[in-house]
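Chemist: This is the content of model.tsv (TSV, C-alpha atoms and all ligand atoms):
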chain	number	residue	atom	x	y	z
A	1	MET	CA	-4.89	33.68	27.65
A	2	LYS	CA	-8.44	32.31	27.45
A	3	PHE	CA	-10.05	29.40	29.27
A	4	GLY	CA	-13.24	27.44	28.73
A	5	ALA	CA	-15.68	26.47	31.47
A	6	ILE	CA	-18.75	24.23	31.42
A	7	ASP	CA	-21.31	23.80	34.17
A	8	ALA	CA	-22.97	20.61	32.95
A	9	GLY	CA	-26.19	20.28	34.93
A	10	GLY	CA	-29.30	18.15	34.69
A	11	LYS	CA	-31.17	20.80	32.73
A	12	ARG	CA	-28.53	22.89	30.96
A	13	PHE	CA	-24.91	22.99	29.86
A	14	ILE	CA	-23.74	26.51	30.76
A	15	CYS	CA	-20.67	27.19	28.64
A	16	GLY	CA	-18.37	30.19	28.67
A	17	ILE	CA	-14.97	31.74	28.15
A	18	THR	CA	-12.99	33.48	30.90
A	19	ASP	CA	-9.68	35.27	31.13
A	20	GLU	CA	-6.96	33.96	33.45
A	21	ASN	CA	-8.44	35.84	36.41
A	22	GLY	CA	-11.82	34.17	35.96
A	23	ASN	CA	-13.56	37.20	34.42
A	24	THR	CA	-16.30	36.04	32.07
A	25	LEU	CA	-15.78	37.12	28.46
A	26	GLU	CA	-18.65	35.23	26.89
A	27	LYS	CA	-21.34	32.83	28.06
A	28	THR	CA	-24.20	30.79	26.64
A	29	SER	CA	-26.21	27.67	27.47
A	30	PHE	CA	-27.63	24.56	25.80
A	31	LEU	CA	-30.33	22.19	26.97
A	32	THR	CA	-29.12	18.91	28.47
A	33	GLU	CA	-30.69	16.38	26.12
A	34	THR	CA	-28.76	13.32	24.90
A	35	PRO	CA	-25.00	13.35	24.21
A	36	ASP	CA	-25.74	13.13	20.46
A	37	LYS	CA	-27.82	16.30	20.58
A	38	THR	CA	-26.05	18.41	23.21
A	39	ILE	CA	-22.32	17.75	22.75
A	40	PRO	CA	-22.07	18.86	19.07
A	41	LEU	CA	-23.60	22.24	20.05
A	42	VAL	CA	-21.13	22.65	22.92
A	43	LEU	CA	-18.16	21.68	20.72
A	44	ASP	CA	-19.32	24.14	18.09
A	45	PHE	CA	-19.38	26.93	20.68
A	46	PHE	CA	-15.79	26.27	21.82
A	47	LYS	CA	-14.14	25.33	18.53
A	48	ASP	CA	-12.88	28.75	17.37
A	49	LYS	CA	-12.41	30.35	20.78
A	50	GLU	CA	-8.66	29.57	21.11
A	51	ILE	CA	-8.93	28.36	24.71
A	52	SER	CA	-5.82	26.98	26.44
A	53	ALA	CA	-7.74	24.49	28.58
A	54	LEU	CA	-11.27	23.49	29.55
A	55	GLY	CA	-12.78	22.97	33.01
A	56	ILE	CA	-15.96	20.91	33.36
A	57	GLY	CA	-18.20	20.56	36.38
A	58	CYS	CA	-20.54	17.71	35.42
A	59	PHE	CA	-23.49	15.82	36.92
A	60	GLY	CA	-22.39	12.42	38.11
A	61	PRO	CA	-21.49	9.96	39.24
A	62	LEU	CA	-18.14	10.37	37.47
A	63	ASP	CA	-14.97	8.33	37.36
A	64	LEU	CA	-12.38	10.81	38.69
A	65	ASN	CA	-9.58	8.31	39.33
A	66	PRO	CA	-6.75	9.25	36.92
A	67	ASP	CA	-5.40	5.67	37.03
A	68	SER	CA	-8.71	4.14	35.96
A	69	GLU	CA	-9.37	2.97	32.39
A	70	THR	CA	-12.65	4.84	32.47
A	71	TYR	CA	-11.26	8.09	33.93
A	72	GLY	CA	-13.37	11.04	32.84
A	73	PHE	CA	-16.50	8.97	32.14
A	74	ILE	CA	-19.99	9.65	33.47
A	75	THR	CA	-20.76	6.30	35.12
A	76	SER	CA	-24.06	5.08	36.65
A	77	SER	CA	-26.03	8.27	36.03
A	78	PRO	CA	-29.81	8.19	36.48
A	79	LYS	CA	-29.82	9.92	33.04
A	80	LYS	CA	-29.61	6.77	30.92
A	81	PRO	CA	-28.31	8.23	27.61
A	82	TRP	CA	-25.33	9.67	29.51
A	83	ARG	CA	-24.30	6.42	31.23
A	84	ASN	CA	-20.72	5.40	30.40
A	85	TYR	CA	-20.18	8.57	28.36
A	86	ASN	CA	-16.52	9.63	28.00
A	87	ILE	CA	-16.91	13.36	28.56
A	88	VAL	CA	-13.22	14.17	29.15
A	89	GLY	CA	-12.04	12.04	26.20
A	90	THR	CA	-14.55	13.62	23.82
A	91	PHE	CA	-13.56	17.22	24.59
A	92	LYS	CA	-9.84	16.41	24.68
A	93	GLU	CA	-9.98	14.77	21.27
A	94	LYS	CA	-12.19	17.34	19.57
A	95	LEU	CA	-10.70	20.51	21.06
A	96	GLY	CA	-7.08	19.38	21.50
A	97	VAL	CA	-6.64	21.08	24.90
A	98	PRO	CA	-6.20	19.78	28.48
A	99	VAL	CA	-9.55	19.04	30.12
A	100	PHE	CA	-10.11	19.14	33.90
A	101	LEU	CA	-13.17	17.47	35.38
A	102	ASP	CA	-14.98	17.44	38.70
A	103	THR	CA	-18.61	17.01	39.72
A	104	ASN	CA	-20.81	20.05	39.10
A	105	ILE	CA	-21.53	20.21	42.80
A	106	ASN	CA	-17.82	20.17	43.71
A	107	ALA	CA	-17.35	22.92	41.13
A	108	GLY	CA	-20.20	24.87	42.72
A	109	LEU	CA	-18.55	24.75	46.11
A	110	LEU	CA	-15.21	25.70	44.58
A	111	GLY	CA	-16.93	28.76	43.09
A	112	GLU	CA	-18.50	29.68	46.44
A	113	THR	CA	-15.23	29.23	48.38
A	114	THR	CA	-13.29	31.29	45.82
A	115	TRP	CA	-15.75	34.14	45.32
A	116	GLY	CA	-18.93	33.54	47.25
A	117	ALA	CA	-20.62	32.63	50.52
A	118	ALA	CA	-17.80	30.41	51.85
A	119	LYS	CA	-14.93	32.74	50.94
A	120	ASN	CA	-13.49	33.00	54.42
A	121	VAL	CA	-13.94	29.49	55.78
A	122	LYS	CA	-11.94	26.29	55.48
A	123	ASN	CA	-14.81	23.87	56.09
A	124	ALA	CA	-18.04	24.18	54.17
A	125	ILE	CA	-20.84	22.19	52.62
A	126	TYR	CA	-22.77	22.99	49.47
A	127	LEU	CA	-26.02	21.20	48.79
A	128	THR	CA	-28.10	21.70	45.66
A	129	ILE	CA	-31.70	20.61	45.70
A	130	GLY	CA	-33.25	20.60	42.25
A	131	ASN	CA	-33.83	17.91	39.66
A	132	GLY	CA	-31.58	15.75	41.83
A	133	ILE	CA	-29.76	16.41	45.09
A	134	GLY	CA	-25.99	16.79	45.19
A	135	GLY	CA	-23.62	17.72	47.96
A	136	ALA	CA	-19.98	18.73	48.21
A	137	ALA	CA	-17.70	19.38	51.15
A	138	ILE	CA	-14.51	21.30	51.69
A	139	VAL	CA	-12.60	20.07	54.72
A	140	GLU	CA	-9.56	22.08	55.83
A	141	ASN	CA	-9.61	23.91	52.49
A	142	LYS	CA	-9.63	20.74	50.41
A	143	LEU	CA	-12.51	19.39	48.33
A	144	ILE	CA	-13.32	15.84	49.36
A	145	HIS	CA	-12.98	13.22	46.62
A	146	GLY	CA	-11.96	10.05	48.43
A	147	LEU	CA	-12.70	6.76	46.75
A	148	ILE	CA	-15.04	8.30	44.16
A	149	HIS	CA	-16.61	11.56	45.32
A	150	PRO	CA	-19.29	12.23	47.92
A	151	GLU	CA	-22.87	11.50	46.85
A	152	MET	CA	-24.54	13.36	49.68
A	153	GLY	CA	-27.95	13.40	48.00
A	154	HIS	CA	-28.28	9.64	48.33
A	155	ILE	CA	-27.83	9.31	52.09
A	156	PHE	CA	-30.57	7.27	53.69
A	157	VAL	CA	-33.20	9.27	55.55
A	158	ASN	CA	-35.91	8.58	58.10
A	159	ARG	CA	-39.31	8.66	56.48
A	160	HIS	CA	-41.73	11.17	58.00
A	161	PRO	CA	-44.32	9.10	59.91
A	162	ARG	CA	-47.24	10.57	57.92
A	163	ASP	CA	-45.53	10.58	54.50
A	164	LYS	CA	-46.97	7.91	52.20
A	165	PHE	CA	-44.90	8.83	49.12
A	166	THR	CA	-42.90	5.84	47.88
A	167	GLY	CA	-39.98	7.90	46.56
A	168	ASN	CA	-38.49	8.22	43.11
A	169	CYS	CA	-34.76	7.49	43.23
A	170	PRO	CA	-34.16	4.85	40.52
A	171	PHE	CA	-31.58	3.22	42.81
A	172	HIS	CA	-33.03	3.64	46.33
A	173	GLY	CA	-36.73	4.40	45.87
A	174	GLY	CA	-37.93	6.25	48.96
A	175	ASN	CA	-35.00	5.34	51.18
A	176	CYS	CA	-32.69	8.15	50.14
A	177	LEU	CA	-32.81	11.94	50.39
A	178	GLU	CA	-33.01	12.49	46.63
A	179	GLY	CA	-35.84	9.96	46.34
A	180	MET	CA	-37.88	11.89	48.90
A	181	ALA	CA	-36.85	15.53	48.57
A	182	SER	CA	-35.73	16.39	45.02
A	183	GLY	CA	-37.89	18.77	42.97
A	184	PRO	CA	-39.48	15.90	40.98
A	185	ALA	CA	-40.15	14.01	44.25
A	186	ILE	CA	-42.07	16.99	45.66
A	187	GLU	CA	-44.08	17.38	42.44
A	188	LYS	CA	-44.91	13.67	42.26
A	189	ARG	CA	-45.92	13.49	45.94
A	190	TRP	CA	-48.35	16.41	45.70
A	191	ASN	CA	-49.19	15.96	42.03
A	192	LEU	CA	-48.52	19.66	41.41
A	193	PRO	CA	-45.65	21.60	39.84
A	194	LEU	CA	-43.52	23.47	42.42
A	195	GLU	CA	-44.78	26.86	41.28
A	196	LYS	CA	-48.38	25.82	42.01
A	197	LEU	CA	-47.64	25.05	45.68
A	198	SER	CA	-48.66	28.03	47.84
A	199	SER	CA	-45.99	29.34	50.23
A	200	ASP	CA	-47.88	27.91	53.23
A	201	HIS	CA	-48.50	24.50	51.62
A	202	PRO	CA	-47.56	21.54	53.89
A	203	ALA	CA	-45.17	20.42	51.11
A	204	TRP	CA	-42.57	22.93	52.32
A	205	HIS	CA	-42.64	21.70	55.91
A	206	LEU	CA	-42.20	18.13	54.75
A	207	GLU	CA	-39.36	19.21	52.45
A	208	ALA	CA	-37.67	21.08	55.30
A	209	TYR	CA	-38.05	17.95	57.47
A	210	TYR	CA	-35.95	15.88	55.05
A	211	ILE	CA	-33.39	18.58	54.30
A	212	ALA	CA	-32.90	19.40	57.99
A	213	HIS	CA	-32.34	15.72	58.84
A	214	ALA	CA	-29.68	15.50	56.15
A	215	ILE	CA	-28.01	18.73	57.30
A	216	VAL	CA	-27.82	17.54	60.89
A	217	ASN	CA	-26.08	14.38	59.68
A	218	TYR	CA	-23.61	16.43	57.64
A	219	ILE	CA	-22.93	18.74	60.62
A	220	LEU	CA	-22.27	15.77	62.89
A	221	VAL	CA	-19.95	14.03	60.43
A	222	LEU	CA	-18.07	16.93	58.81
A	223	SER	CA	-18.27	19.81	61.28
A	224	PRO	CA	-18.75	22.52	58.63
A	225	GLU	CA	-18.38	26.24	59.36
A	226	LYS	CA	-20.90	27.16	56.65
A	227	ILE	CA	-23.73	25.38	54.89
A	228	ILE	CA	-24.86	26.65	51.50
A	229	LEU	CA	-28.20	25.53	50.06
A	230	GLY	CA	-28.81	26.12	46.36
A	231	GLY	CA	-30.73	24.67	43.43
A	232	ASP	CA	-34.20	25.28	41.99
A	233	VAL	CA	-36.08	24.03	45.07
A	234	MET	CA	-34.20	26.45	47.37
A	235	LYS	CA	-35.44	29.37	45.24
A	236	TYR	CA	-38.60	28.96	47.33
A	237	LYS	CA	-37.14	31.08	50.10
A	238	GLN	CA	-39.82	30.14	52.65
A	239	LEU	CA	-37.82	26.93	53.11
A	240	PHE	CA	-34.83	28.64	54.74
A	241	PRO	CA	-36.42	29.67	58.07
A	242	ILE	CA	-38.20	26.30	58.45
A	243	ILE	CA	-34.99	24.37	57.74
A	244	ARG	CA	-32.96	26.52	60.16
A	245	LYS	CA	-35.50	26.08	62.93
A	246	SER	CA	-35.75	22.37	62.33
A	247	VAL	CA	-31.94	21.93	62.44
A	248	ILE	CA	-31.83	23.69	65.81
A	249	ASN	CA	-34.68	21.54	67.11
A	250	LEU	CA	-33.09	18.31	65.91
A	251	LEU	CA	-29.72	19.14	67.48
A	252	ASN	CA	-31.65	19.80	70.70
A	253	GLY	CA	-28.86	21.76	72.37
A	254	TYR	CA	-26.16	19.28	71.40
A	255	LEU	CA	-22.82	20.77	70.17
A	256	GLN	CA	-23.34	24.10	72.03
A	257	ASN	CA	-21.86	26.16	69.23
A	258	LYS	CA	-22.67	29.88	69.00
A	259	PHE	CA	-22.44	29.96	65.18
A	260	ILE	CA	-25.19	27.37	64.95
A	261	PHE	CA	-27.41	28.42	67.84
A	262	ASN	CA	-26.99	32.23	67.86
A	263	ASP	CA	-26.29	32.98	64.24
A	264	ILE	CA	-28.03	30.33	62.17
A	265	GLU	CA	-29.08	32.92	59.53
A	266	ASN	CA	-25.39	33.22	58.63
A	267	TYR	CA	-24.68	29.53	59.13
A	268	ILE	CA	-27.24	28.08	56.70
A	269	VAL	CA	-27.28	30.39	53.70
A	270	ALA	CA	-28.10	30.73	49.99
A	271	PRO	CA	-25.22	30.76	47.47
A	272	ASP	CA	-23.75	34.23	46.89
A	273	LEU	CA	-23.16	33.48	43.23
A	274	GLY	CA	-26.75	32.31	42.66
A	275	GLU	CA	-26.92	30.07	39.61
A	276	ASN	CA	-23.35	30.88	38.59
A	277	SER	CA	-21.49	28.98	41.35
A	278	GLY	CA	-20.91	25.94	39.13
A	279	PHE	CA	-19.74	27.97	36.14
A	280	PHE	CA	-17.27	30.01	38.22
A	281	GLY	CA	-16.13	26.81	39.91
A	282	ALA	CA	-15.47	25.11	36.57
A	283	ALA	CA	-13.43	28.15	35.53
A	284	THR	CA	-11.48	28.03	38.83
A	285	LEU	CA	-10.86	24.30	38.37
A	286	CYS	CA	-9.50	24.93	34.89
A	287	ILE	CA	-7.29	27.94	35.70
A	288	LYS	CA	-5.87	26.44	38.92
A	289	ASN	CA	-5.00	23.09	37.33
A	290	PHE	CA	-3.63	24.64	34.17
A	291	LYS	CA	-1.26	26.86	36.18
A	292	GLN	CA	-0.09	23.85	38.21
A	293	LYS	CA	0.69	21.79	35.13
A	301	ZN	ZN	-30.80	7.43	45.86
Taking this structure as input, can you express it in the form of structure tokens?

Modeler:
Amino acid sequence: MKFGAIDAGGKRFICGITDENGNTLEKTSFLTETPDKTIPLVLDFFKDKEISALGIGCFGPLDLNPDSETYGFITSSPKKPWRNYNIVGTFKEKLGVPVFLDTNINAGLLGETTWGAAKNVKNAIYLTIGNGIGGAAIVENKLIHGLIHPEMGHIFVNRHPRDKFTGNCPFHGGNCLEGMASGPAIEKRWNLPLEKLSSDHPAWHLEAYYIAHAIVNYILVLSPEKIILGGDVMKYKQLFPIIRKSVINLLNGYLQNKFIFNDIENYIVAPDLGENSGFFGAATLCIKNFKQK
């Protein structure tokens, strides 16, 4: 039996086929342009693959309420051509198989809890910092969806007193984490591409300031046992030690937990599956749901 999986991210649609144990049989990717350009290529890839079902982890926000008229739609996405796009309906109709959808960040965490850095814990957070910022949480072994799904990248943050950048979230300007700390926000603030910022550039300390504030809030609200930080910005590994130190400083001895204070290198970590967390998560989503049907 073969299954399809898509990690639909801001830059690329990573598409592949797995067996029922999640082993990858084939994989490719397409640029995320407009639905008119990208979707036909993705459909063409899957059309003769004889998959039994398809799992999609997609950038959001998404309507994940099965009782809603717009279930399976991308809703108020900052990517305008994708707003109100019926992603589940399109694949269901064109491929004729069951389609399971979650956010790409939820899928990423599902991948990491099944095979990666959060394999042995019941409470974990996965944050990706790249083109945008997304966050997912597993609480007592269950992915949080709630009313819609968490949008942890848009929490409001305290501006650094010396930071004059006005922010670039189309909804919240410089009030939210994504507006101040996404990859494009860093590049706009310093007027340089990420790869041109030296490893000791003040940009990284400012970035760690915002990320650490957000992490402390997540720790206080959700009490995670593991925090995974991925995405293109976190490929600049110099961020990890600054973020860890800053989290400890901000907590200022509060919580008194040995995993945070004595073992922070294993508490705030990179994803084990690297860039493949979302793809493996989409496959897990598909296989799990198909078997439960
Ligand atoms: Zn925002």

Chemist: When you draw a straight line from atom CA of A:Glu50 to atom CA of A:Lys2, how long is it in Å?

Modeler: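 Computing the Euclidean distance for atom CA of A:Glu50 and atom CA of A:Lys2 yields 6.9 Å.
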
Chemist: Could you list, with a cut-off of 12 Å and counting all atoms listed in the file, the residues of stretch 30-104 of chain A near stretch 159-175 of chain A, each shown with its nearest atom pair and the distance in Å rounded to one decimal, rows sorted by chain and ascending number, as JSON lines?

Modeler:
{"residue": "A:Ser76", "atom": "CA", "partner": "A:Phe171", "partner_atom": "CA", "distance": 9.9}
{"residue": "A:Ser77", "atom": "CA", "partner": "A:Pro170", "partner_atom": "CA", "distance": 9.9}
{"residue": "A:Pro78", "atom": "CA", "partner": "A:Pro170", "partner_atom": "CA", "distance": 6.8}
{"residue": "A:Lys79", "atom": "CA", "partner": "A:Pro170", "partner_atom": "CA", "distance": 10.0}
{"residue": "A:Lys80", "atom": "CA", "partner": "A:Pro170", "partner_atom": "CA", "distance": 10.8}

Chemist: Restricting the calculation to only C-alpha atoms and all ligand atoms, which member of A:Ile211, A:Cys176, A:Ile287, A:Val121 is positioned closest to ligand ZN 301 (chain A)?

Modeler: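 For ligand ZN 301 (chain A), the nearest of the candidates is A:Cys176.
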
Chemist: Would you compute the box with edges along x, y and z of the file around stretch 155-164 of chain A, including every atom the file lists for it and 5 Å extra on each side, and give its centre and edge lengths in Å to one decimal, as lines of an AutoDock Vina configuration file?

Modeler:
center_x = -37.5
center_y = 9.2
center_z = 56.0
size_x = 29.4
size_y = 13.9
size_z = 17.8

Chemist: If you measure from atom CA of A:Leu147 to atom CA of A:Gly60, what distance in Å do you get, rounded to one decimal?

Modeler: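 Between these atoms lies a distance of 14.2 Å.
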
Chemist: Name the closest residue to A:Leu110 among the candidates A:Ile87, A:Ile51, A:Leu194, A:Val139; distances are taken between atoms, counting only C-alpha atoms.

Modeler: A:Val139

Chemist: Show me, as a VMD selection string, the residues that have an atom within 12 Å of stretch 198-204 of chain A when counting only C-alpha atoms, minus same-chain residues fewer than 4 positions from it.

Modeler: chain A and resid 162 to 163 165 180 to 183 185 to 194 208 to 212 233 to 243

Chemist: How many Å separate atom CA of A:Tyr254 from atom CA of A:Leu127?

Modeler: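 Distance reported for this atom pair: 22.7 Å.
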
Chemist: Taking (-6.8, 28.0, 38.4) in the file's coordinates, which residues come within 12 Å, counting only C-alpha atoms, written as an MDAnalysis selection string?

Modeler: chainID A and resid 2:5 18:22 53:55 100 110:111 114 280:293

Chemist: Name the closest residue to A:Pro271 among the candidates A:Lys226, A:His154, A:Arg83, A:Lys122; distances are taken between atoms, counting only C-alpha atoms.

Modeler: A:Lys226

Chemist: Select, from A:Phe156, A:Glu112, A:Gly278, A:Asn257, the residue with the minimum atom-to-atom distance to A:Asp7, counting all atoms listed in the file.

Modeler: A:Gly278

Chemist: Which is closer to ligand ZN 301 (chain A) than all the others in A:Met152, A:Asn141, A:Asn120, A:Glu178, using all atoms listed in the file?

Modeler: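 Ranked by minimum distance to ligand ZN 301 (chain A), first place goes to A:Glu178.
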
Chemist: Ranking A:Asn131, A:Thr75, A:Asn123, A:Asn86 by minimum distance to A:Pro224 and counting only C-alpha atoms, which one comes first?

Modeler: A:Asn123

Chemist: Identify, on the basis of all atoms listed in the file, every residue whose closest approach to A:Ser223 does not exceed 12 Å; exclude the query and any residue fewer than 2 positions from it along the same chain; express the result as a PyMOL selection string.

Modeler: chain A and resi 121-125+137-140+215-221+225-227+255+257+259-260+267

Chemist: Which residues come within 12 Å of A:Pro81, counting only C-alpha atoms, excluding same-chain residues fewer than 5 positions away, as an MDAnalysis selection string?

Modeler: chainID A and resid 32:38 74:76 86

Chemist: With N, CA, C and O atoms as the goal, would you fill in the gaps in stretch 135-146 of chain A and present it as a JSON list (two decimals), keeping the file's coordinate frame?

Modeler:
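Output file result01.json follows:
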[["chain", "number", "residue", "atom", "x", "y", "z"],
["A", 135, "GLY", "N", -24.29, 17.03, 46.86],
["A", 135, "GLY", "CA", -23.62, 17.72, 47.96],
["A", 135, "GLY", "C", -22.12, 17.64, 47.81],
["A", 135, "GLY", "O", -21.59, 16.66, 47.29],
["A", 136, "ALA", "N", -21.44, 18.70, 48.24],
["A", 136, "ALA", "CA", -19.98, 18.73, 48.21],
["A", 136, "ALA", "C", -19.49, 19.27, 49.54],
["A", 136, "ALA", "O", -20.20, 20.01, 50.22],
["A", 137, "ALA", "N", -18.27, 18.89, 49.89],
["A", 137, "ALA", "CA", -17.70, 19.38, 51.15],
["A", 137, "ALA", "C", -16.25, 19.78, 50.95],
["A", 137, "ALA", "O", -15.50, 19.11, 50.23],
["A", 138, "ILE", "N", -15.92, 20.91, 51.58],
["A", 138, "ILE", "CA", -14.51, 21.30, 51.69],
["A", 138, "ILE", "C", -14.11, 21.11, 53.14],
["A", 138, "ILE", "O", -14.81, 21.59, 54.05],
["A", 139, "VAL", "N", -13.08, 20.32, 53.37],
["A", 139, "VAL", "CA", -12.60, 20.07, 54.72],
["A", 139, "VAL", "C", -11.16, 20.55, 54.79],
["A", 139, "VAL", "O", -10.32, 20.13, 53.98],
["A", 140, "GLU", "N", -10.89, 21.46, 55.71],
["A", 140, "GLU", "CA", -9.56, 22.08, 55.83],
["A", 140, "GLU", "C", -9.07, 22.56, 54.46],
["A", 140, "GLU", "O", -7.95, 22.26, 54.04],
["A", 141, "ASN", "N", -9.94, 23.28, 53.78],
["A", 141, "ASN", "CA", -9.61, 23.91, 52.49],
["A", 141, "ASN", "C", -9.45, 22.95, 51.32],
["A", 141, "ASN", "O", -8.94, 23.35, 50.28],
["A", 142, "LYS", "N", -9.82, 21.70, 51.49],
["A", 142, "LYS", "CA", -9.63, 20.74, 50.41],
["A", 142, "LYS", "C", -10.96, 20.07, 50.06],
["A", 142, "LYS", "O", -11.67, 19.59, 50.94],
["A", 143, "LEU", "N", -11.29, 20.08, 48.77],
["A", 143, "LEU", "CA", -12.51, 19.39, 48.33],
["A", 143, "LEU", "C", -12.36, 17.89, 48.56],
["A", 143, "LEU", "O", -11.33, 17.31, 48.22],
["A", 144, "ILE", "N", -13.38, 17.29, 49.13],
["A", 144, "ILE", "CA", -13.32, 15.84, 49.36],
["A", 144, "ILE", "C", -13.60, 15.10, 48.05],
["A", 144, "ILE", "O", -14.58, 15.39, 47.36],
["A", 145, "HIS", "N", -12.71, 14.16, 47.71],
["A", 145, "HIS", "CA", -12.98, 13.22, 46.62],
["A", 145, "HIS", "C", -13.04, 11.79, 47.14],
["A", 145, "HIS", "O", -13.97, 11.07, 46.91],
["A", 146, "GLY", "N", -11.97, 11.40, 47.86],
["A", 146, "GLY", "CA", -11.96, 10.05, 48.43],
["A", 146, "GLY", "C", -11.96, 8.97, 47.38],
["A", 146, "GLY", "O", -11.38, 9.13, 46.30]]
